[in-house]
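For reference, the structure discussed in these notes is given below.
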Amino acid sequence: MDWQFLLASLTKIVVFVFLVTLPLVALTVWAERRVSAAIQDRVGPNRVGPFGLLQPLADGIKFLLKEDFTPSHVRKGFYWMAPALTMVPALMTCAVLPFGSTLFGEKMVIADLNVGPLFVFAIASLTVYGIVLAGWASNSKYPFLGGVRSTSQMISYEICLGLSIVPLLMIYGELNLSKIVYEQAENGWAMLPLWGEGWSLKGALLFIPVAISFVIFVTSMFAETNRLPFDLPECETELVAGYHTEYSSMKFALFFLGEYAAMIIGSGLAVTLFFGGWSLPFGWLKPDELHGEVGFLTGAIHIASFFLKVIAFILFFIVIRWTLPRFRYDQLMRLGWVFFFEIALANVILTALILWLVE
Amino acid sequence: MSDLVDVQINGEWHQFPKGTRMIEACREVGAEVPNYCYHPKLTSPGNCRMCLVQMGMPPRPAPGAEPAQPDEDGHVPISWMPRPVIACANTVAPNMGIRTQGELTEKVREGVMELMLANHPLDCPICDQAGECHLQEYSVEHGKGEGRFREQKVKKPKNVDVGPRIRLDDERCIMCSRCIRFMDEVADDPVLGFTDRGSHTTLAVYPGRELDSNYSLNTADLCPVGALTSNDFRFQMRVWFMKETNTIDTNCGTGANITVYARQGEIFRIKPRQNNAVNSDWMPDSHRLSFHWINDEETRLTSALAKDENGNHQVVSNENAYAIAASKLSKFKGHEIAIIASARMTNEELFMVKRLAKHLKAKIVETVPRTGEADGYLISEDRNPNTLGVKTVLGLDEPGSQLESIKDDIKQGQIHALIALQEDLITDAGFTDDDLAGLDVLISSYPSANPTAERSDVVLPGGCWAEKSGTMLNIQGRLQRLNKVMDGPGTTEEPWEVVRNLQQALGGGNGIHSHMEIFKQLAEKVPAFSGVKFQDIGDLGIPLIETGETLPLLEREKERVAQGLIVG
Amino acid sequence: MAIVVKRPKLKWWEHLYIPAIISGMRVTLGHFFQIVSRKKKVTMQYPEEKWDAHLPEHYRGAPALVTDEQGRERCVACQLCEFICPPRAIAIRPEEIPSDDKWAKVEKRPKKFDIDMVRCIYCGMCEEVCPEQAIFLRKDYAITGTSRDEMVHDKDRLYEIGGVRTGLVNKWNDLK
C-alpha cells in the first residue's frame, strides 16, 4: 500500500460518494416530487431555484433546523444508532461499483474486489438492522409493526436477490464487477446481447434465463429498498410512517437519505450487472483490455454513460412507484417465497442446462 | 271520591276516581292532551279550547227500546258525540269514552291552532320563549303547517312595562288567562285582566297599578307563550343552550325546589320546580333573582390567599393555604380555638365541621342566625336554609346564642384562633374590627370578597350553593338535595372539601372523597339520619323530622283542592 | 351474509402482471408527458394566479353579518346559528336595543358576535338556518392571522366583511 493508492482511493471515495451519490440523492428526491407531480397533473416544487432544483437544499436546511425531538419512551442508544445503520451500509456498497473505465490511469472503482456482488449483498443486508432497531427502540406500536414487516420482507427478498444473479455469475464465471462490465462491453450487455459473442445461438439461449433473472432482480430490488409497490414497512394507511414514525429532524432525514441512497446503489448494481455498467452499446469506445488506458474524454464519456443509465433506472423506479398500488402483505410474502424463490432456483438449473448443452 | 269509574281512553278501558278531570285521566295513561289555559294549580276556565277531545257516553235508549246490554267485561257500547268537548273542565263519568286521537280531534286542534296563530306575530327569533313555547310545540305537533289568513294581523302594544320585573308583549298573548288567575288565586293581588273584545282582546294591568307582587315572575313561567317575560332573563340566553340542574333554593328555610339554568359556568335564570310538599309550583321573585353575585367575577374569591410578613394578601396554592392554616392553628390548644360555621352549609359540611372541631378539640362551634319576616306565602321567617340541619347535626339547640360569648372570650384573650366557614362575621354576625383584633389567627372561607376575608390570615376558597352538592333540612323537617350546578371559579373547592383538606393538613386522616360518603357516615353517626340512604332522597326529598311547621301557601292550596276548585 | 365476489378468470399472460404494469405505466406516462409538454394545464399557481374572478355565486367563504338598505343590522341574536354551528365556532351574547334607538321596535340585537375562524368549517349551516337573512358566507377565503385572537372575527369585523346587502325580505317594515 503506498501513498499514491491511498490518495487515489480517498479522492475516489470523496468524489464518488460525497460529491456524486449524495447530490444524486437530492436530485432523486427532487425528480421524484416533480415526476409524481406531473403524473398527477400537478406542478410540483418549482419555487426554490430554477425549476425548484434547490428544493432539496431547502428541505435539507429545514431538516437541520427542525427540533430534534427524542421521545421519552424510546431506548436512546439504539434509537440513535438506527438511522446511522440504515445510511452507512447503503453508502458503503458504493465501494465496489465500477462507475467508469479509467481516468488519468486510475481505475474508476473504489475497491476492485473479486467478490463484488457478494460484498454488496453482505453490506446491504446490514440495512435491515437499522430498520429493526428503529422499530424496536421506538417502543411504539406502529414503528414496531413496521420494523417486523421490514425485517421479514428484506430477509425474504434477499434470498431471491441473491439467487437471481447466480445465473449471471455462472455465465460470466466471474465475481469481479469490473471484469463483468468489461465482459459485457466486449460481448454484449446481459440484457442487450447484440454484439461480440452475445450475437450467437448461445447468447440467444442464455438471454432467456438472464431476462428472468432481471425481472426477479428488479422486483426484489424494489422490495429491498422498501419502495412502492412493496413499501409495507412504512405504509401510511396502516402504520402511520412505519419504523420512522418516532423520528424527527436529521434522524428522520438519515432514514430518508438512506432509502434513496439504497435506491441509487440498487440501480447502479442493476446497471452494472444487466446493462453493461459504464460501457457503451456495441462495444463503442471500448478500452482494449480490462483497465486499459483510455483518453480523458473517453473516460469521462464512460462515467457519464454509467450515470445516465443509473438515472434512467431511477426514473423507472419513480414511475413504477406512482403507477402500481401497494401489495397486501400476504401477497408480498407469497410472491417472494412461492414464486420468485422457486423460479430463481429453476432459473439457475436452466442456465446450467443451457451452458452444459451449448458446451 | 273513592268510587272508581270505568273510562275508555283511545280504545282501552281504565279506572279512575270519580271527579277526575278528563285531561288528568288522559295524562295518567300517557295520552297527553295539548292545553294552554289549563293548569293543575289554577281553576279551569276552559277558554283556550286546545284540549278538545272526542267524547262518548252509553247511548240513551229511544223510548220503548231496550237499553244496550253490557258485554262480558261489563262495558256498554259507546255512542260517540259528533262534537268535541274540552278535557280540562269536564270530569270522567262511568262508561265514558275519550279519544285523544282520530280525525275529529286532529281537525279541531288544527282549527284551534290556526285561530291562535291568526294574530300571533312571527317573533320567534327575538322571543325569549322560543324553545320552550307551547305555541311552537303544538303548531309542530298539531298545527296545519300553513296559515290561510291573508289579512293583516291585529296590532297591539308590544314591549309594555307592566311591572318592575315583568315585560308584556300583547301581540304574543293567546288569552289563556293563566297569569290573571295566578295573580288572583295564588298571589292574592288581582291586578291583571282582559280589556276589549274579540281579536282585540288585550291583557292589561289595572289602571294605576303595577304587576309588582313578589310572586309576579311566576306569571312568566306560567305564560305558555312569550307574552310575559322576565326583565332579568330577557334576551340573555336561548333556553336550549342552558344546562338544567335540579336543586333547592337557599334563601330561606322553606328550601323551595328549583331548577337552575346555567351555561358555561354562568347562571342565567332560576325557575321553581314542582314539589307539592314544599313550594307547589311557585317561588318568590326575591329569591329567584338573588343569584347574580355568583356570576360576578369581580367580587368572587377565586383562589386561596395568605397574608405575608407585611400583612398583605398573596395568592397561594390551595395546598400551601391549608399548610399555612394548619401550622398557624397547631400553635394553639383546643380551648383557644373557636369555629363559626354557617346554617347555609349542608348537613354533610356541618358533619365535617363537627369532625374538625373534634380533631382540634375546639371549644365552641357556632353558627350565625338570620331572620326576616315571613310573607305568608313561601318565604319563611328563618332566612337560613339549613337551621334544622345545624340543630340536628351539630347538636346546637339555639344557634347563635354563643356568638356574644365568643366575642367576650376573644376580648379576654381566651380564644386566640377563629375559623369562620361560609360566614362573613363582620357583615352578618355583628362582629366589629375590634372584636376580631384580639385574635391571633383568623381563617375564613367564603365565596366572595368580604370584610372578614380582608382581615383573615388565611382565606380558603369555598364554593357557593350552586357549586356544591349535599343535603339540607328545611323548616318542615324535609331532607332535600342540593345539587352542584357548576364548578366554582378558579381553584374554588366545595366547602366540605375545604374542611376535609384543612383537617388533613392538621394531621387528621380522612378517606372521604365525595359528599355521598359523608352522608353515609352521617347516617351512621347522627341518630336522626339513621337508615337513610342518599339515593333514597331523590329530587323531591323525604320527610325526616316532624317539626309541625307549615307553609301558608300550601295550606291554602290544599283548601282549594278540597273544595274541588283545582286539581292540585 | 357476506357477498361473494366472483374473481375474474385471468389469462396466463395476465397472471404475469407485466402487461398490467405496462398498461399502467402507459397511463401514468401519458399524464406525465402531457404535463411536461404543457399540452394540459390543470393547476393554478396560487399566489400569482387567483380564482377570485371565477368564484361561483354559491361559493362558501368566510361567514359575515350584513346590514340592509336602511342600515339596520339584520341580526337579532336569535342564536340559531350558534346552535346549528357544527364546530361551535360562533359565540353570541344578545342585548336589548335601547328604546331611543331608531330600530328599538326590533328589540333585540347581538351585544357580542364572535366567529372563531380557526374553528369555522365553512359549512354554511349558519346562513341556511338564519331566519333573518343576516348571516351570509362571503367570498373571502384567505383568512389569516398571527394569533388565535386575531382569528376571532368580532361583530365589527363581521359587519365590515359582510357590508350592505340589498333585496332581502324586509320583515321589520313600517307596519310592524
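Chain labels follow the order of the C-alpha cells: the first chain is A, the next B, and so on; residue numbering restarts at 1 in every chain, and ligands are counted from 1 in their shown order.
With only C-alpha atoms taken into account, chain C has Val76, Ala77, Cys78, Gln79, Phe83, Arg93, Pro94, Glu95, Glu96, Val106, Glu107, Lys108, Pro131, Glu132 and Lys176 of chain C at most 8 Å from chain B.
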Take the selection from the previous step and output its residues with C-alpha atoms, as an mmCIF file, in the first residue's frame.
data_model
loop_
_atom_site.group_PDB
_atom_site.id
_atom_site.type_symbol
_atom_site.label_atom_id
_atom_site.label_comp_id
_atom_site.auth_asym_id
_atom_site.auth_seq_id
_atom_site.Cartn_x
_atom_site.Cartn_y
_atom_site.Cartn_z
ATOM 1 C CA VAL C 76 -81.492 39.888 16.015
ATOM 2 C CA ALA C 77 -79.298 37.499 18.027
ATOM 3 C CA CYS C 78 -81.686 34.570 17.880
ATOM 4 C CA GLN C 79 -78.634 32.344 18.342
ATOM 5 C CA PHE C 83 -76.886 26.347 17.921
ATOM 6 C CA ARG C 93 -74.453 37.378 23.633
ATOM 7 C CA PRO C 94 -77.724 39.162 22.902
ATOM 8 C CA GLU C 95 -78.801 42.510 24.285
ATOM 9 C CA GLU C 96 -81.870 44.699 24.200
ATOM 10 C CA VAL C 106 -86.720 45.179 16.725
ATOM 11 C CA GLU C 107 -85.978 44.910 20.461
ATOM 12 C CA LYS C 108 -83.032 42.549 20.246
ATOM 13 C CA PRO C 131 -84.426 33.294 9.944
ATOM 14 C CA GLU C 132 -83.490 36.944 9.430
ATOM 15 C CA LYS C 176 -94.563 46.264 12.329
#
Give me the residues within 9 Å of Thr93 of chain A as a PyMOL selection string, counting only C-alpha atoms and dropping any in the same chain fewer than 3 places off. chain A and resi 88-90+96-97+119-121+123-124+262+265
Select from segment 29-154 of chain C everything DSSP, run on the backbone, classes as strand (DSSP E), then give the selection as a PDB file with N, CA, C and O atoms, in the first residue's frame.
ATOM      1  N   PRO C  63     -68.012  33.425   6.838  1.00  0.00           N
ATOM      2  CA  PRO C  63     -69.335  33.922   7.190  1.00  0.00           C
ATOM      3  C   PRO C  63     -69.250  35.354   7.705  1.00  0.00           C
ATOM      4  O   PRO C  63     -68.295  35.717   8.391  1.00  0.00           O
ATOM      5  N   ALA C  64     -70.257  36.151   7.347  1.00  0.00           N
ATOM      6  CA  ALA C  64     -70.239  37.544   7.783  1.00  0.00           C
ATOM      7  C   ALA C  64     -71.661  38.036   7.998  1.00  0.00           C
ATOM      8  O   ALA C  64     -72.614  37.485   7.452  1.00  0.00           O
ATOM      9  N   LEU C  65     -71.790  39.088   8.805  1.00  0.00           N
ATOM     10  CA  LEU C  65     -73.100  39.685   9.066  1.00  0.00           C
ATOM     11  C   LEU C  65     -73.329  40.821   8.082  1.00  0.00           C
ATOM     12  O   LEU C  65     -72.389  41.494   7.674  1.00  0.00           O
ATOM     13  N   ILE C  90     -69.301  29.797  16.709  1.00  0.00           N
ATOM     14  CA  ILE C  90     -69.997  31.061  16.929  1.00  0.00           C
ATOM     15  C   ILE C  90     -70.330  31.233  18.406  1.00  0.00           C
ATOM     16  O   ILE C  90     -70.750  30.279  19.063  1.00  0.00           O
ATOM     17  N   ALA C  91     -70.109  32.435  18.922  1.00  0.00           N
ATOM     18  CA  ALA C  91     -70.495  32.756  20.300  1.00  0.00           C
ATOM     19  C   ALA C  91     -71.225  34.089  20.281  1.00  0.00           C
ATOM     20  O   ALA C  91     -70.684  35.083  19.810  1.00  0.00           O
ATOM     21  N   ILE C  92     -72.443  34.079  20.767  1.00  0.00           N
ATOM     22  CA  ILE C  92     -73.266  35.291  20.721  1.00  0.00           C
ATOM     23  C   ILE C  92     -73.747  35.631  22.121  1.00  0.00           C
ATOM     24  O   ILE C  92     -74.103  34.745  22.893  1.00  0.00           O
ATOM     25  N   ARG C  93     -73.743  36.908  22.451  1.00  0.00           N
ATOM     26  CA  ARG C  93     -74.453  37.378  23.633  1.00  0.00           C
ATOM     27  C   ARG C  93     -75.435  38.429  23.145  1.00  0.00           C
ATOM     28  O   ARG C  93     -75.029  39.443  22.572  1.00  0.00           O
ATOM     29  N   PRO C  94     -76.738  38.192  23.369  1.00  0.00           N
ATOM     30  CA  PRO C  94     -77.724  39.162  22.902  1.00  0.00           C
ATOM     31  C   PRO C  94     -77.835  40.347  23.857  1.00  0.00           C
ATOM     32  O   PRO C  94     -77.359  40.283  24.990  1.00  0.00           O
ATOM     33  N   GLU C  95     -78.471  41.399  23.407  1.00  0.00           N
ATOM     34  CA  GLU C  95     -78.801  42.510  24.285  1.00  0.00           C
ATOM     35  C   GLU C  95     -80.068  43.172  23.768  1.00  0.00           C
ATOM     36  O   GLU C  95     -80.483  42.949  22.627  1.00  0.00           O
ATOM     37  N   GLU C  96     -80.659  43.999  24.602  1.00  0.00           N
ATOM     38  CA  GLU C  96     -81.870  44.699  24.200  1.00  0.00           C
ATOM     39  C   GLU C  96     -81.471  46.004  23.511  1.00  0.00           C
ATOM     40  O   GLU C  96     -80.536  46.677  23.947  1.00  0.00           O
ATOM     41  N   LYS C 108     -84.181  43.384  19.858  1.00  0.00           N
ATOM     42  CA  LYS C 108     -83.032  42.549  20.246  1.00  0.00           C
ATOM     43  C   LYS C 108     -81.947  42.634  19.200  1.00  0.00           C
ATOM     44  O   LYS C 108     -82.222  42.682  17.995  1.00  0.00           O
ATOM     45  N   ARG C 109     -80.706  42.643  19.657  1.00  0.00           N
ATOM     46  CA  ARG C 109     -79.564  42.638  18.734  1.00  0.00           C
ATOM     47  C   ARG C 109     -78.396  41.974  19.429  1.00  0.00           C
ATOM     48  O   ARG C 109     -78.413  41.810  20.651  1.00  0.00           O
ATOM     49  N   PRO C 110     -77.392  41.599  18.697  1.00  0.00           N
ATOM     50  CA  PRO C 110     -76.248  40.968  19.377  1.00  0.00           C
ATOM     51  C   PRO C 110     -75.374  42.007  20.073  1.00  0.00           C
ATOM     52  O   PRO C 110     -75.079  43.051  19.499  1.00  0.00           O
ATOM     53  N   LYS C 111     -75.028  41.718  21.312  1.00  0.00           N
ATOM     54  CA  LYS C 111     -74.068  42.568  22.009  1.00  0.00           C
ATOM     55  C   LYS C 111     -72.667  42.146  21.593  1.00  0.00           C
ATOM     56  O   LYS C 111     -71.774  42.945  21.381  1.00  0.00           O
ATOM     57  N   LYS C 112     -72.519  40.846  21.489  1.00  0.00           N
ATOM     58  CA  LYS C 112     -71.218  40.276  21.129  1.00  0.00           C
ATOM     59  C   LYS C 112     -71.503  39.198  20.098  1.00  0.00           C
ATOM     60  O   LYS C 112     -72.423  38.401  20.260  1.00  0.00           O
ATOM     61  N   PHE C 113     -70.807  39.221  19.011  1.00  0.00           N
ATOM     62  CA  PHE C 113     -70.987  38.186  17.987  1.00  0.00           C
ATOM     63  C   PHE C 113     -69.601  37.782  17.521  1.00  0.00           C
ATOM     64  O   PHE C 113     -68.957  38.515  16.781  1.00  0.00           O
ATOM     65  N   ASP C 114     -69.119  36.653  17.995  1.00  0.00           N
ATOM     66  CA  ASP C 114     -67.768  36.230  17.639  1.00  0.00           C
ATOM     67  C   ASP C 114     -67.824  34.961  16.809  1.00  0.00           C
ATOM     68  O   ASP C 114     -68.524  34.012  17.161  1.00  0.00           O
ATOM     69  N   ILE C 115     -67.105  34.966  15.710  1.00  0.00           N
ATOM     70  CA  ILE C 115     -66.926  33.717  14.967  1.00  0.00           C
ATOM     71  C   ILE C 115     -65.447  33.375  15.001  1.00  0.00           C
ATOM     72  O   ILE C 115     -64.604  34.166  14.567  1.00  0.00           O
ATOM     73  N   ASP C 116     -65.157  32.230  15.546  1.00  0.00           N
ATOM     74  CA  ASP C 116     -63.774  31.794  15.646  1.00  0.00           C
ATOM     75  C   ASP C 116     -63.393  31.134  14.322  1.00  0.00           C
ATOM     76  O   ASP C 116     -63.795  30.004  14.039  1.00  0.00           O
ATOM     77  N   ILE C 135     -76.869  36.481   8.130  1.00  0.00           N
ATOM     78  CA  ILE C 135     -75.502  35.961   8.033  1.00  0.00           C
ATOM     79  C   ILE C 135     -75.342  35.291   6.676  1.00  0.00           C
ATOM     80  O   ILE C 135     -76.202  34.535   6.230  1.00  0.00           O
ATOM     81  N   PHE C 136     -74.277  35.638   5.993  1.00  0.00           N
ATOM     82  CA  PHE C 136     -74.021  35.075   4.667  1.00  0.00           C
ATOM     83  C   PHE C 136     -72.568  34.639   4.573  1.00  0.00           C
ATOM     84  O   PHE C 136     -71.692  35.255   5.183  1.00  0.00           O
ATOM     85  N   LEU C 137     -72.322  33.611   3.799  1.00  0.00           N
ATOM     86  CA  LEU C 137     -70.954  33.207   3.549  1.00  0.00           C
ATOM     87  C   LEU C 137     -70.434  34.011   2.355  1.00  0.00           C
ATOM     88  O   LEU C 137     -70.986  33.937   1.269  1.00  0.00           O
ATOM     89  N   VAL C 152     -60.337  35.407  15.598  1.00  0.00           N
ATOM     90  CA  VAL C 152     -61.729  35.506  16.035  1.00  0.00           C
ATOM     91  C   VAL C 152     -62.315  36.782  15.441  1.00  0.00           C
ATOM     92  O   VAL C 152     -61.866  37.884  15.747  1.00  0.00           O
ATOM     93  N   HIS C 153     -63.288  36.620  14.586  1.00  0.00           N
ATOM     94  CA  HIS C 153     -63.934  37.784  13.989  1.00  0.00           C
ATOM     95  C   HIS C 153     -65.005  38.301  14.937  1.00  0.00           C
ATOM     96  O   HIS C 153     -65.944  37.583  15.263  1.00  0.00           O
TER      97      HIS C 153
END
Do you know which residues are at most 10 Å from Phe332 of chain B counting only C-alpha atoms, after dropping those on the same chain fewer than 2 positions away, and could you put them as a list of chain:residue names? B:Ser327, B:Lys328, B:Leu329, B:Ser330, B:Gly334, B:His335, B:Glu336, B:Ile337, B:Leu360, B:Ala362, B:Ile415, B:His416, B:Ala417, B:Asp440, B:Val441
Out of A:Thr86, A:Thr298, A:Thr70, A:Ser279, which residue has the shortest atom-to-atom distance to Ser125 of chain A when counting only C-alpha atoms? A:Thr86
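Computed from the coordinates, the atom CA of Ile340 of chain B to atom CA of Asp397 of chain B distance equals 15.1 Å.
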Based on only C-alpha atoms, which of the residues in chain A come within 8 Å of chain C? I want them as a PyMOL selection string. chain A and resi 35+38-43+319-320+322-324
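Counting only C-alpha atoms and comparing B:Ser448, B:Thr471, B:Thr371, B:Asn276, the residue that lies closest to Met345 of chain B is B:Thr471.
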